[in-house]
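What follows is a single structure, written as C-alpha cells, with notes after it.
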2 protein chains.
Amino acid sequence: MSESRSAGTVRRPALRDVAREAGVSEGAVSKVIRNAYGVSPAMRARVEQAIDKLGYRPRTAARAMRGRSFTLGFETPHIGNDLHTLVIEGAAEQLDGSPYQLVIVPGMGRLGAKEILDALVDRQVDGIIAIASEVETEWIEKLARHTPVVILGRHDQSERFDTIINDDVAGTDLVMDHLLGLGHTRIAHLTISSPSAMTPHVFRQTTYVQRMEAAGLSPVVTQARASERGAYEAAVGLLSGPERPTAIFAGHDSLAIGVLRAVADAGLDASEVSVVGYDNIELARHPLVSLTTVDQCGDEAGRVAIQLLMERIEGRTVARHECFTPTLCVRRSSGPAPS
Amino acid sequence: MSESRSAGTVRRPALRDVAREAGVSEGAVSKVIRNAYGVSPAMRARVEQAIDKLGYRPRTAARAMRGRSFTLGFETPHIGNDLHTLVIEGAAEQLDGSPYQLVIVPGMGRLGAKEILDALVDRQVDGIIAIASEVETEWIEKLARHTPVVILGRHDQSERFDTIINDDVAGTDLVMDHLLGLGHTRIAHLTISSPSAMTPHVFRQTTYVQRMEAAGLSPVVTQARASERGAYEAAVGLLSGPERPTAIFAGHDSLAIGVLRAVADAGLDASEVSVVGYDNIELARHPLVSLTTVDQCGDEAGRVAIQLLMERIEGRTVARHECFTPTLCVRRSSGPAPS
DNA sequence: TTGAAAGCGTTACCAG
DNA sequence: CTGGTAACGCTTTCAA
C-alpha cells in the first residue's frame, strides 16, 4: 500500500510511525503518551512496545502548537550569580520527575531582560521565573496575561503575577543589630549605583539609614558599580578617608568581596574594619573569606517558584506573593569595634 | 465575511493576522520576516508596518516544525561551574545580534547528560554544545546524526561530531615546570575519583606521573570526591602523613580551593605547601585566595563552539577538532620549596 | 474503547 | 513579484 521508504530511518520517528507499528490510530498513541483516559490495557501495551522499539519521543514544538511546551523558562541577567544558581537548584529539585523542563536563557550582559523574556515567549514556555528588576511593572503584567510569571526580588505586588521576595527589612535589621551590638558607630553602607525602585537594594539602604538615625548615628551611603571591582574602588575611597568607618555593610556579597580585598590591600583586617554582605554566596563560607552575611535560602525560593507556576498552569488566577525571612550567618569578617 | 472576534485580542497575533492587516498573502509576510528574496520595497514597508502595529513575533514552535528552531542548546551537569560560565559568556558574545538563542538545560545533579541532551533534542534545537563526559561516544555519534554537536573537553576525536579541547598535556607541563623549577620534589597530585577515559583529568594525571618519573621522583596520586569538601578531606590526609608533600597539584580549581582550606586549617601557608589548580576560576584571582592555576580561556572556547555549530548548520559535514593552548597564572599560592 | 479529521503557525513550493 | 496550498507532528473534538 504505502510506498516503502528504503532510504533507512534517517527521520526521527513520529507519532504516526508508532501508530503504524502498533497497528492503531494516532489518537490512541497520543492518549497513551499522555496517560489520558480511554485506552485498554492491551492497546497500551502494544503502543508502549512500539514506542520502545522505535525509540519514539514526542516533539515539543508540535505539542507547543497544541497548547503546552512542557518547558519553563528562567530569566537571569547573568548566570554565574550564586544566588540564582541556588534558586535554579531548588527549582530543579522541585521539577524532578515531572515532564516539565527548565531552560535558562542567559543574558550575560548582552541581552536585556525584555529580550530574554521575549525569547522565552517566542518559545512558548508554559511559565516564566524572572528577575527582571529593570522592567516596568506594566510590561510584566502584559506578559503575564498569556504566560504565568513569577518574579523574584521585586517588592511591588501586582495583581497579575506572583512574586517571591525576601524580607530585606528584616535582613538589614539583623545586620544592623549585629554591628551595633558589636559596638560599631561608624558604619558605612555600600550599594549599587541607581538601583531601580522596589528592588531589594533600595529596601536595604532605606532600612540602613533608618536604623542609623534611630541609633543617633550618621548614615554614610556610597554607591559603586555593581561589581567586585567597583566595590573595591569605592571601598578604597572609604578606607582612605579621614573618618574611616569601622564597619562596612555591603548591599550584596559580591560587593562585600571587593570590600574585603580593599581592606586586605590597605593592610587592615577584621579587627579594624568589619565587613558584612548579603546573599550568603558559596564563596562567603570559604574559610579564606569567611564573610558575615545574610542568607536568603534561594533554593527554597526556587522550589516555591515552581510550585507557584504549576498552580498557575493548573488554573489559579489570583496572585500570590511569598515572603521569606532571612537569617544572619556570622563569620570572621565581622568583630567588635576597635576601641 | 469573517466573523468579527469581539472578545478582544487575547490571542497573540499570528502571521495570518499580519497578512490580513497588511492586505497581502502569508507567504509574503514570511518572506519579509526571513529577509527572503522576492519582495518589493512597497510590500516590505506595508508588512513591516503591520508587524509593528500588531507587535507580531514569529513562534519558534511553528518554525521548528518547518526546520529550524533558531535555538542552540547547552548541556552542563551543573551551572555554577565557573569554567562553563565563561564558555557561555563567549558563546553569548559570538551569538550577539544573530537570530539564534542559546538555552541552557541545567542538570543540577538530578538530570544526567543523556536526559538533558534528550530534552534538547525534543525541543529540536539546531545545535548542541555539551560536556557529556560520561556519555559513550556511540551515543553522541547517534545524536550527531541529526543535530550538530560540539563536545567540550573530550579527547577522543570522532568523525561525527566536533570537539574543542584544551591541551592538557601542555597545561600540566606548565604546572610541573613551575613546581620543579621552584625546587619541589615531594609533589602530590589530587584528582577526582574514577574520571572517565579521554577526559581532561586522565590526561593531567598521566602527564603528572610521566613528568615525576622523568625527574626521578615518586608520583603520589590521591583521589577525592569531586567537590571542594572531598578535596579538603583528602588534603587533610595528605598533610598529616609522614612524608608531607611540599606541593599539591590539584586536578581543578575547586579541588585546589579545598586543599587551600586544609593547608590553612593545618596552620600552614604557601611557604610550606605550594598549591596549584587548573581552570583559573574567578575565585582563583581573588587576593584572599590568589591561586596559581592554568587558564583555559573558556570564553574563546565558547566563541569557537558557536562558530563550529554555525558551520555545521550551514552545511559542513566533516568533523573539526580544535585544541587550545593554556597558560599558567602564577599567584601567591605557590612558592619555592622549603629548604 | 477506538478511529478519523480538523487545526495549531510557519515555510516552501508552484502557478500566475 | 505575488498569492495559494500542502506539509510539519501533535492534540482534541466528534462519530462510530
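Please note that chains go A, B, ... in the order of the C-alpha cells, that every chain numbers its residues from 1, and that ligands are numbered from 1 in the order shown.
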Run DSSP on the backbone and grab whatever in region 95-238 of chain B lands in strand (DSSP E or B); send it over as an mmCIF file with C-alpha atoms, in the first residue's frame.
```cif
data_model
loop_
_atom_site.group_PDB
_atom_site.id
_atom_site.type_symbol
_atom_site.label_atom_id
_atom_site.label_comp_id
_atom_site.auth_asym_id
_atom_site.auth_seq_id
_atom_site.Cartn_x
_atom_site.Cartn_y
_atom_site.Cartn_z
ATOM 1 C CA GLN B 101 19.260 31.973 21.074
ATOM 2 C CA LEU B 102 21.247 29.921 23.489
ATOM 3 C CA VAL B 103 19.331 27.931 26.058
ATOM 4 C CA ILE B 104 20.789 26.025 28.938
ATOM 5 C CA VAL B 105 19.210 22.976 30.469
ATOM 6 C CA PRO B 106 20.812 22.645 33.875
ATOM 7 C CA GLY B 127 22.802 22.632 17.545
ATOM 8 C CA ILE B 128 24.179 21.422 20.849
ATOM 9 C CA ILE B 129 27.198 22.329 22.935
ATOM 10 C CA ALA B 130 27.805 19.662 25.534
ATOM 11 C CA VAL B 149 27.150 18.679 18.214
ATOM 12 C CA VAL B 150 30.243 20.233 19.735
ATOM 13 C CA ILE B 151 31.692 18.454 22.738
ATOM 14 C CA LEU B 152 33.965 20.288 25.122
ATOM 15 C CA ASP B 162 33.250 18.409 16.579
ATOM 16 C CA THR B 163 35.315 18.774 19.712
ATOM 17 C CA ILE B 164 37.068 21.575 21.492
ATOM 18 C CA ILE B 165 39.739 20.693 23.942
ATOM 19 C CA ASN B 166 42.487 22.290 25.825
ATOM 20 C CA ILE B 187 54.734 16.908 44.679
ATOM 21 C CA ALA B 188 51.375 15.214 45.129
ATOM 22 C CA HIS B 189 48.548 15.163 42.612
ATOM 23 C CA LEU B 190 44.949 15.303 43.722
ATOM 24 C CA THR B 191 42.374 14.253 41.171
ATOM 25 C CA ILE B 192 38.731 13.282 41.045
ATOM 26 C CA VAL B 220 51.707 10.352 44.546
ATOM 27 C CA VAL B 221 48.176 10.375 43.172
ATOM 28 C CA THR B 222 45.292 10.797 45.559
ATOM 29 C CA GLN B 223 41.686 10.621 44.521
ATOM 30 C CA ALA B 224 38.933 12.690 46.053
#
```
### Task
With a distance cut-off of 12 Å and only C-alpha atoms (C1' of nucleotides), select the neighbouring residues of DG4 (chain D), excluding the residue or stretch itself and same-chain residues fewer than 5 positions from it, and output the selection as a PyMOL selection string.
(chain B and resi 24-28) or (chain C and resi 13-16)
### Distance filter 12 Å, only C-alpha atoms (C1' of nucleotides), chain D against chain A, as a list of chain:residue names
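So the residues of chain D near chain A are D:DC8, D:DG9, D:DC10, D:DT11, D:DT12, D:DT13.
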Export of the given selection (N, CA and C atoms (P, O5', C5', C4', C3', O3' and C1' of nucleotides)) as an mmCIF file, in the first residue's frame:
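The new file part_32.cif reads:
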```
data_model
loop_
_atom_site.group_PDB
_atom_site.id
_atom_site.type_symbol
_atom_site.label_atom_id
_atom_site.label_comp_id
_atom_site.auth_asym_id
_atom_site.auth_seq_id
_atom_site.Cartn_x
_atom_site.Cartn_y
_atom_site.Cartn_z
ATOM 1 P P DC D 8 5.004 15.798 5.772
ATOM 2 O "O5'" DC D 8 5.498 16.523 7.107
ATOM 3 C "C5'" DC D 8 6.720 17.237 7.157
ATOM 4 C "C4'" DC D 8 6.753 18.028 8.426
ATOM 5 C "C3'" DC D 8 6.225 17.257 9.631
ATOM 6 O "O3'" DC D 8 7.325 16.671 10.313
ATOM 7 C "C1'" DC D 8 5.444 19.549 9.581
ATOM 8 P P DG D 9 7.241 15.182 10.790
ATOM 9 O "O5'" DG D 9 6.447 15.315 12.159
ATOM 10 C "C5'" DG D 9 7.035 16.057 13.215
ATOM 11 C "C4'" DG D 9 6.049 16.169 14.344
ATOM 12 C "C3'" DG D 9 5.437 14.846 14.801
ATOM 13 O "O3'" DG D 9 5.452 14.856 16.217
ATOM 14 C "C1'" DG D 9 3.732 16.360 14.306
ATOM 15 P P DC D 10 5.057 13.638 17.081
ATOM 16 O "O5'" DC D 10 3.766 14.191 17.826
ATOM 17 C "C5'" DC D 10 3.923 15.232 18.772
ATOM 18 C "C4'" DC D 10 2.653 16.026 18.862
ATOM 19 C "C3'" DC D 10 1.505 15.358 19.605
ATOM 20 O "O3'" DC D 10 1.544 15.808 20.971
ATOM 21 C "C1'" DC D 10 0.786 16.597 17.668
ATOM 22 P P DT D 11 0.572 15.156 22.025
ATOM 23 O "O5'" DT D 11 -0.784 15.949 21.799
ATOM 24 C "C5'" DT D 11 -0.832 17.310 22.189
ATOM 25 C "C4'" DT D 11 -2.201 17.867 21.906
ATOM 26 C "C3'" DT D 11 -3.342 17.273 22.740
ATOM 27 O "O3'" DT D 11 -4.137 18.368 23.139
ATOM 28 C "C1'" DT D 11 -3.863 17.101 20.451
ATOM 29 P P DT D 12 -5.166 18.229 24.332
ATOM 30 O "O5'" DT D 12 -6.555 18.313 23.569
ATOM 31 C "C5'" DT D 12 -6.732 19.335 22.580
ATOM 32 C "C4'" DT D 12 -7.953 19.043 21.746
ATOM 33 C "C3'" DT D 12 -9.102 18.365 22.512
ATOM 34 O "O3'" DT D 12 -10.298 19.041 22.178
ATOM 35 C "C1'" DT D 12 -8.611 17.165 20.550
ATOM 36 P P DT D 13 -11.491 19.141 23.259
ATOM 37 O "O5'" DT D 13 -12.300 17.774 23.054
ATOM 38 C "C5'" DT D 13 -13.644 17.804 22.632
ATOM 39 C "C4'" DT D 13 -13.770 18.283 21.189
ATOM 40 C "C3'" DT D 13 -15.043 17.735 20.557
ATOM 41 O "O3'" DT D 13 -15.859 18.807 20.071
ATOM 42 C "C1'" DT D 13 -13.091 17.063 19.307
#
```
### Query
Which neighbours of DT1 (chain C) fall inside 9 Å, counting only C-alpha atoms (C1' of nucleotides), when residues of the same chain fewer than 4 positions from it are skipped, and could you give them as an NGL selection string?
:A and (38-40)
### Message
Which residues are close to region 297-309 of chain B, i.e. within 9 Å by only C-alpha atoms (C1' of nucleotides), leaving aside same-chain residues fewer than 3 positions away? Reply as number ranges by chain.
### Response
B: 72, 83-95, 126-129, 148-152, 162-166, 279-280, 312-314, 316, 320, 322, 324-327
Got time to write the residues from that selection, N, CA and C atoms, as a compact mmCIF listing (two decimals), in the first residue's frame?
```
# COMPACT_ATOMS: atom_id res chain seq x y z
N LEU B 72 19.95 27.16 20.12
CA LEU B 72 21.09 26.28 20.35
C LEU B 72 21.06 25.86 21.82
N LEU B 83 34.05 27.59 34.89
CA LEU B 83 34.60 27.40 33.55
C LEU B 83 33.47 27.41 32.52
N HIS B 84 32.38 26.73 32.83
CA HIS B 84 31.26 26.69 31.91
C HIS B 84 30.61 28.06 31.78
N THR B 85 30.59 28.78 32.88
CA THR B 85 30.06 30.13 32.81
C THR B 85 30.84 30.96 31.81
N LEU B 86 32.14 30.78 31.83
CA LEU B 86 33.00 31.51 30.91
C LEU B 86 32.73 31.08 29.47
N VAL B 87 32.53 29.80 29.28
CA VAL B 87 32.21 29.29 27.94
C VAL B 87 30.90 29.91 27.46
N ILE B 88 29.93 29.96 28.33
CA ILE B 88 28.64 30.52 27.97
C ILE B 88 28.78 31.99 27.63
N GLU B 89 29.64 32.66 28.37
CA GLU B 89 29.89 34.07 28.11
C GLU B 89 30.42 34.25 26.68
N GLY B 90 31.40 33.43 26.34
CA GLY B 90 31.96 33.50 24.99
C GLY B 90 30.92 33.17 23.94
N ALA B 91 30.12 32.17 24.21
CA ALA B 91 29.08 31.76 23.27
C ALA B 91 28.08 32.90 23.08
N ALA B 92 27.68 33.51 24.17
CA ALA B 92 26.72 34.60 24.10
C ALA B 92 27.28 35.75 23.27
N GLU B 93 28.56 36.01 23.46
CA GLU B 93 29.18 37.09 22.70
C GLU B 93 29.13 36.79 21.20
N GLN B 94 29.48 35.57 20.86
CA GLN B 94 29.52 35.18 19.46
C GLN B 94 28.12 35.23 18.84
N LEU B 95 27.12 34.98 19.66
CA LEU B 95 25.74 34.90 19.17
C LEU B 95 25.09 36.28 19.11
N ASP B 126 18.81 23.54 17.07
CA ASP B 126 19.55 23.45 15.81
C ASP B 126 21.00 23.05 16.01
N GLY B 127 21.43 23.02 17.26
CA GLY B 127 22.80 22.63 17.55
C GLY B 127 22.99 22.49 19.04
N ILE B 128 23.98 21.71 19.43
CA ILE B 128 24.18 21.42 20.85
C ILE B 128 25.65 21.57 21.23
N ILE B 129 25.87 22.29 22.32
CA ILE B 129 27.20 22.33 22.94
C ILE B 129 27.08 21.51 24.21
N PRO B 148 23.75 18.95 14.90
CA PRO B 148 25.17 19.31 15.06
C PRO B 148 25.57 19.35 16.53
N VAL B 149 26.71 18.78 16.82
CA VAL B 149 27.15 18.68 18.21
C VAL B 149 28.61 19.11 18.34
N VAL B 150 28.86 19.92 19.36
CA VAL B 150 30.24 20.23 19.73
C VAL B 150 30.43 19.77 21.17
N ILE B 151 31.43 18.93 21.38
CA ILE B 151 31.69 18.45 22.74
C ILE B 151 32.94 19.15 23.28
N LEU B 152 32.83 19.60 24.50
CA LEU B 152 33.97 20.29 25.12
C LEU B 152 34.73 19.34 26.03
N ASP B 162 32.10 17.55 16.35
CA ASP B 162 33.25 18.41 16.58
C ASP B 162 33.63 18.39 18.06
N THR B 163 34.88 18.67 18.32
CA THR B 163 35.32 18.77 19.71
C THR B 163 36.19 20.01 19.89
N ILE B 164 36.17 20.50 21.11
CA ILE B 164 37.07 21.58 21.49
C ILE B 164 37.75 21.14 22.77
N ILE B 165 39.03 21.07 22.73
CA ILE B 165 39.74 20.69 23.94
C ILE B 165 40.85 21.69 24.22
N ASN B 166 41.35 21.53 25.40
CA ASN B 166 42.49 22.29 25.83
C ASN B 166 43.65 21.32 25.86
N ASP B 279 42.16 25.67 35.75
CA ASP B 279 40.91 26.28 35.23
C ASP B 279 40.88 27.79 35.33
N ASN B 280 41.58 28.33 36.33
CA ASN B 280 41.54 29.76 36.57
C ASN B 280 40.11 30.28 36.75
N ARG B 312 28.29 23.94 10.81
CA ARG B 312 27.53 22.70 10.61
C ARG B 312 26.14 23.00 10.09
N ILE B 313 25.52 24.00 10.71
CA ILE B 313 24.16 24.35 10.29
C ILE B 313 24.16 24.79 8.83
N GLU B 314 25.24 25.43 8.45
CA GLU B 314 25.32 25.87 7.06
C GLU B 314 25.88 24.81 6.12
N ARG B 316 28.55 22.19 6.72
CA ARG B 316 29.77 21.40 6.86
C ARG B 316 29.42 20.00 7.38
N ARG B 320 35.50 18.82 12.82
CA ARG B 320 36.64 19.67 13.17
C ARG B 320 36.96 19.48 14.64
N GLU B 322 39.19 21.30 17.57
CA GLU B 322 40.02 22.44 17.93
C GLU B 322 40.74 22.17 19.24
N PHE B 324 43.09 24.22 22.18
CA PHE B 324 43.66 25.48 22.66
C PHE B 324 44.84 25.23 23.57
N THR B 325 45.75 26.17 23.54
CA THR B 325 46.93 26.05 24.40
C THR B 325 46.73 26.90 25.64
N PRO B 326 46.82 26.28 26.79
CA PRO B 326 46.58 27.00 28.04
C PRO B 326 47.80 27.81 28.48
N THR B 327 47.60 28.65 29.45
CA THR B 327 48.70 29.44 30.02
C THR B 327 48.69 29.29 31.53
```
#### Entry: For DA16 (chain D): contacts at 10 Å, only C-alpha atoms (C1' of nucleotides), fewer than 3 positions along chain excluded, given as a VMD selection string
chain C and resid 2 to 4
